[in-house]
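Chemist: Below you will find the structure I want to go over with you.
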Amino acid sequence: MSAKPYTPYIGLPLRLAAVLLDLLLLSFLSSLIGWLLMLQYPDAQALMDSAAKMLTLLAAPAIIVMWWYLQGTPGKLLLGCRIVDARSGGRPRLWQVLLRLLGYGVSALPAGLGFLWMIWDRRHQAWHDKLARTLVVEDDESRLSLRQLADGYR
């Protein structure tokens, strides 16, 4: 039986940095799309408004796919974090990422207390993590043994 890999829980500062990176990326992409539209259609304000609405509508499905398939958003992945099932440590199930996204509303409602909860929680879980039974952990393969790395690729 192999030893459990070292997986420290990610707290508020790094998770906040990941959100800021995601917002920066989204801002860059939306500005690039707006700039390209303005080059093609100089009077494209209505078209830009439509593009902004389209990006907003695509955000939730994109987040669900990234959390489920990639185990994180680009910001989390760039900072070496990933979302895992709290029990198995593996990829979260689809119902977990759906519940996690809905849980953001629960975390935000009481003046953001659900997000701040990770400061006091021993596993740094926010309320949406607790609802969905997920964790955000460090994704650092350098801490794994060769056997654990090999087992992960079988």
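Ligands are numbered from 1 in the order shown, residues from 1 within each chain, and chains are lettered A, B, ... in the order they appear in the structure tokens.
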Taking the chain letters and numbering used in this document, name the residues of region 35-141 of chain A that DSSP puts in alpha helix (DSSP H), as a ChimeraX atom specification.
Modeler: /A:35-40,45-65,74-78,94-108,113-116,127-132
Chemist: Would you mind listing, for every residue of region 10-79 of chain A within 8 Å of region 83-98 of chain A, the two atoms forming the shortest contact and the distance between them in Å to one decimal, using only C-alpha atoms, sorted by chain and ascending residue number, as a tab-separated table?
Modeler:
```
residue	atom	partner	partner_atom	distance
A:Ile64	CA	A:Val97	CA	6.1
A:Trp67	CA	A:Val97	CA	6.4
A:Trp68	CA	A:Leu94	CA	6.2
A:Tyr69	CA	A:Arg91	CA	7.9
A:Gln71	CA	A:Ile83	CA	4.9
A:Gly72	CA	A:Ile83	CA	5.8
```
Chemist: Nearest to Ser27 (chain A) among A:Leu55, A:Ala126, A:Ile10, A:Ala62, with distances taken over only C-alpha atoms: which residue is it?
Modeler: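 The shortest atom-to-atom distance to Ser27 (chain A) comes from A:Leu55.
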Chemist: Give me the residues near Pro74 (chain A) as a list in words, where near means some atom within 8 Å (using only C-alpha atoms) and where sequence neighbours in that chain fewer than 2 positions away do not count.
Modeler: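 The filter keeps Ala18, Leu21, Asp22, Gly72, Lys76, Leu77 and Leu78 of chain A.
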Chemist: Figure out the distance between CA of Arg15 (chain A) and CA of Ser31 (chain A), please, to one decimal in Å.
Modeler: 24.2 Å
Chemist: How far is it from CA of Asp139 (chain A) to CA of Leu116 (chain A), in Å with one decimal?
Modeler: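 It comes out at 22.3 Å.
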Chemist: Can you tell me, as a list in words, which residues in region 26-89 of chain A count as strand (DSSP E or B) by DSSP?
Modeler: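 The strand (DSSP E or B) subset of region 26-89 of chain A is Cys81, Arg82, Ile83, Val84 and Asp85 of chain A.
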Chemist: Go ahead and save the picked residues with C-alpha atoms, as a compact mmCIF listing (two decimals), in the first residue's frame.
Modeler:
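Below you can see result14.txt, which holds the result:
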```
# COMPACT_ATOMS: atom_id res chain seq x y z
CA CYS A 81 -3.89 24.47 -7.60
CA ARG A 82 -6.59 21.97 -8.48
CA ILE A 83 -10.11 21.11 -7.36
CA VAL A 84 -10.55 17.55 -6.07
CA ASP A 85 -13.23 15.37 -4.53
```
Chemist: Write out as a list of chain:residue names each polymer residue whose atoms come within 8 Å of Leu20 (chain A), counting only C-alpha atoms; drop sequence neighbours fewer than 4 positions from it.
Modeler: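 With the cut-off at 8 Å, the set is A:Leu16, A:Leu24, A:Gly75.
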Chemist: Go ahead and write the selection's residues with all heavy atoms as a short mmCIF file (atom, residue, chain, number, x, y, z; two decimals), in the first residue's frame.
Modeler:
```
data_model
loop_
_atom_site.label_atom_id
_atom_site.label_comp_id
_atom_site.auth_asym_id
_atom_site.auth_seq_id
_atom_site.Cartn_x
_atom_site.Cartn_y
_atom_site.Cartn_z
N LEU A 16 -7.58 33.75 -3.94
CA LEU A 16 -7.90 35.10 -4.39
C LEU A 16 -7.02 35.51 -5.56
O LEU A 16 -7.49 36.11 -6.53
CB LEU A 16 -7.76 36.09 -3.23
CG LEU A 16 -8.17 37.52 -3.49
CD1 LEU A 16 -9.63 37.61 -3.93
CD2 LEU A 16 -7.95 38.37 -2.25
N LEU A 24 -8.26 38.88 -14.95
CA LEU A 24 -7.31 39.54 -15.85
C LEU A 24 -7.36 38.88 -17.23
O LEU A 24 -7.40 39.58 -18.25
CB LEU A 24 -5.91 39.48 -15.27
CG LEU A 24 -4.81 40.20 -16.01
CD1 LEU A 24 -5.07 41.70 -15.99
CD2 LEU A 24 -3.46 39.89 -15.40
N GLY A 75 -6.49 30.44 -13.87
CA GLY A 75 -5.78 31.06 -12.74
C GLY A 75 -5.34 30.03 -11.71
O GLY A 75 -4.20 30.06 -11.23
#
```
Chemist: If you measure from CA of Val65 (chain A) to CA of Gly80 (chain A), what distance in Å do you get, rounded to one decimal?
Modeler: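 About the pair CA of Val65 (chain A) and CA of Gly80 (chain A): they are 18.3 Å apart.
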Chemist: In terms of the shortest atom-to-atom distance over only C-alpha atoms, which of A:Pro8, A:Gly103, A:Pro61, A:Gly112 is closest to His128 (chain A)?
Modeler: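 Comparing A:Pro8, A:Gly103, A:Pro61, A:Gly112 against His128 (chain A), the winner is A:Gly103.
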Chemist: Which is closer to Glu138 (chain A) than all the others in A:Ala52, A:Leu14, A:Leu36, A:Leu99, using only C-alpha atoms?
Modeler: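 Closest residue, counting only C-alpha atoms: A:Leu14.
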Chemist: Excluding Gly34 (chain A) and any residue of its chain fewer than 6 positions from it, enumerate the residues within 10 Å of it, using only C-alpha atoms, and give them as a PDB file with all heavy atoms, in the first residue's frame.
Modeler:
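The result, stored in part-v7.pdb:
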```pdb
ATOM      1  N   PHE A  28      -8.646  40.629 -20.639  1.00  0.00           N
ATOM      2  CA  PHE A  28      -7.809  40.675 -21.836  1.00  0.00           C
ATOM      3  C   PHE A  28      -8.556  40.124 -23.044  1.00  0.00           C
ATOM      4  O   PHE A  28      -8.553  40.731 -24.119  1.00  0.00           O
ATOM      5  CB  PHE A  28      -6.514  39.890 -21.603  1.00  0.00           C
ATOM      6  CG  PHE A  28      -5.696  39.730 -22.850  1.00  0.00           C
ATOM      7  CD1 PHE A  28      -4.953  40.787 -23.345  1.00  0.00           C
ATOM      8  CD2 PHE A  28      -5.684  38.525 -23.532  1.00  0.00           C
ATOM      9  CE1 PHE A  28      -4.214  40.648 -24.512  1.00  0.00           C
ATOM     10  CE2 PHE A  28      -4.940  38.374 -24.701  1.00  0.00           C
ATOM     11  CZ  PHE A  28      -4.200  39.436 -25.187  1.00  0.00           C
ATOM     12  N   GLN A  40     -13.031  45.868 -37.498  1.00  0.00           N
ATOM     13  CA  GLN A  40     -13.867  45.380 -38.594  1.00  0.00           C
ATOM     14  C   GLN A  40     -15.102  46.266 -38.815  1.00  0.00           C
ATOM     15  O   GLN A  40     -15.481  46.524 -39.944  1.00  0.00           O
ATOM     16  CB  GLN A  40     -14.303  43.940 -38.303  1.00  0.00           C
ATOM     17  CG  GLN A  40     -15.022  43.261 -39.427  1.00  0.00           C
ATOM     18  CD  GLN A  40     -14.129  42.996 -40.637  1.00  0.00           C
ATOM     19  OE1 GLN A  40     -12.935  42.849 -40.516  1.00  0.00           O
ATOM     20  NE2 GLN A  40     -14.730  42.987 -41.808  1.00  0.00           N
ATOM     21  N   ALA A  44     -19.520  49.671 -34.047  1.00  0.00           N
ATOM     22  CA  ALA A  44     -19.944  48.341 -33.607  1.00  0.00           C
ATOM     23  C   ALA A  44     -20.343  48.287 -32.134  1.00  0.00           C
ATOM     24  O   ALA A  44     -20.229  47.251 -31.507  1.00  0.00           O
ATOM     25  CB  ALA A  44     -18.828  47.344 -33.869  1.00  0.00           C
ATOM     26  N   GLN A  45     -20.819  49.382 -31.581  1.00  0.00           N
ATOM     27  CA  GLN A  45     -21.166  49.368 -30.149  1.00  0.00           C
ATOM     28  C   GLN A  45     -22.242  48.334 -29.842  1.00  0.00           C
ATOM     29  O   GLN A  45     -22.129  47.595 -28.866  1.00  0.00           O
ATOM     30  CB  GLN A  45     -21.629  50.759 -29.698  1.00  0.00           C
ATOM     31  CG  GLN A  45     -21.840  50.870 -28.204  1.00  0.00           C
ATOM     32  CD  GLN A  45     -20.565  50.611 -27.419  1.00  0.00           C
ATOM     33  OE1 GLN A  45     -19.498  51.073 -27.779  1.00  0.00           O
ATOM     34  NE2 GLN A  45     -20.673  49.857 -26.333  1.00  0.00           N
ATOM     35  N   LEU A  47     -22.866  45.631 -31.525  1.00  0.00           N
ATOM     36  CA  LEU A  47     -22.240  44.324 -31.714  1.00  0.00           C
ATOM     37  C   LEU A  47     -21.353  43.971 -30.511  1.00  0.00           C
ATOM     38  O   LEU A  47     -21.335  42.824 -30.049  1.00  0.00           O
ATOM     39  CB  LEU A  47     -21.424  44.328 -33.002  1.00  0.00           C
ATOM     40  CG  LEU A  47     -20.894  43.004 -33.509  1.00  0.00           C
ATOM     41  CD1 LEU A  47     -22.026  42.004 -33.724  1.00  0.00           C
ATOM     42  CD2 LEU A  47     -20.117  43.205 -34.798  1.00  0.00           C
ATOM     43  N   MET A  48     -20.651  44.960 -29.982  1.00  0.00           N
ATOM     44  CA  MET A  48     -19.811  44.728 -28.794  1.00  0.00           C
ATOM     45  C   MET A  48     -20.670  44.393 -27.582  1.00  0.00           C
ATOM     46  O   MET A  48     -20.305  43.543 -26.775  1.00  0.00           O
ATOM     47  CB  MET A  48     -18.922  45.946 -28.525  1.00  0.00           C
ATOM     48  CG  MET A  48     -17.776  46.031 -29.496  1.00  0.00           C
ATOM     49  SD  MET A  48     -16.720  47.490 -29.349  1.00  0.00           S
ATOM     50  CE  MET A  48     -16.536  47.729 -27.632  1.00  0.00           C
ATOM     51  N   ASP A  49     -21.810  45.062 -27.453  1.00  0.00           N
ATOM     52  CA  ASP A  49     -22.724  44.744 -26.357  1.00  0.00           C
ATOM     53  C   ASP A  49     -23.220  43.305 -26.475  1.00  0.00           C
ATOM     54  O   ASP A  49     -23.303  42.584 -25.481  1.00  0.00           O
ATOM     55  CB  ASP A  49     -23.911  45.710 -26.335  1.00  0.00           C
ATOM     56  CG  ASP A  49     -23.496  47.119 -25.946  1.00  0.00           C
ATOM     57  OD1 ASP A  49     -22.400  47.285 -25.363  1.00  0.00           O
ATOM     58  OD2 ASP A  49     -24.280  48.048 -26.226  1.00  0.00           O
ATOM     59  N   ALA A  51     -21.622  40.856 -27.961  1.00  0.00           N
ATOM     60  CA  ALA A  51     -20.479  39.985 -27.661  1.00  0.00           C
ATOM     61  C   ALA A  51     -20.260  39.881 -26.156  1.00  0.00           C
ATOM     62  O   ALA A  51     -19.952  38.802 -25.634  1.00  0.00           O
ATOM     63  CB  ALA A  51     -19.224  40.502 -28.353  1.00  0.00           C
ATOM     64  N   ALA A  52     -20.438  40.982 -25.447  1.00  0.00           N
ATOM     65  CA  ALA A  52     -20.290  40.960 -23.989  1.00  0.00           C
ATOM     66  C   ALA A  52     -21.350  40.080 -23.346  1.00  0.00           C
ATOM     67  O   ALA A  52     -21.068  39.314 -22.413  1.00  0.00           O
ATOM     68  CB  ALA A  52     -20.367  42.375 -23.431  1.00  0.00           C
TER      69      ALA A  52
END
```
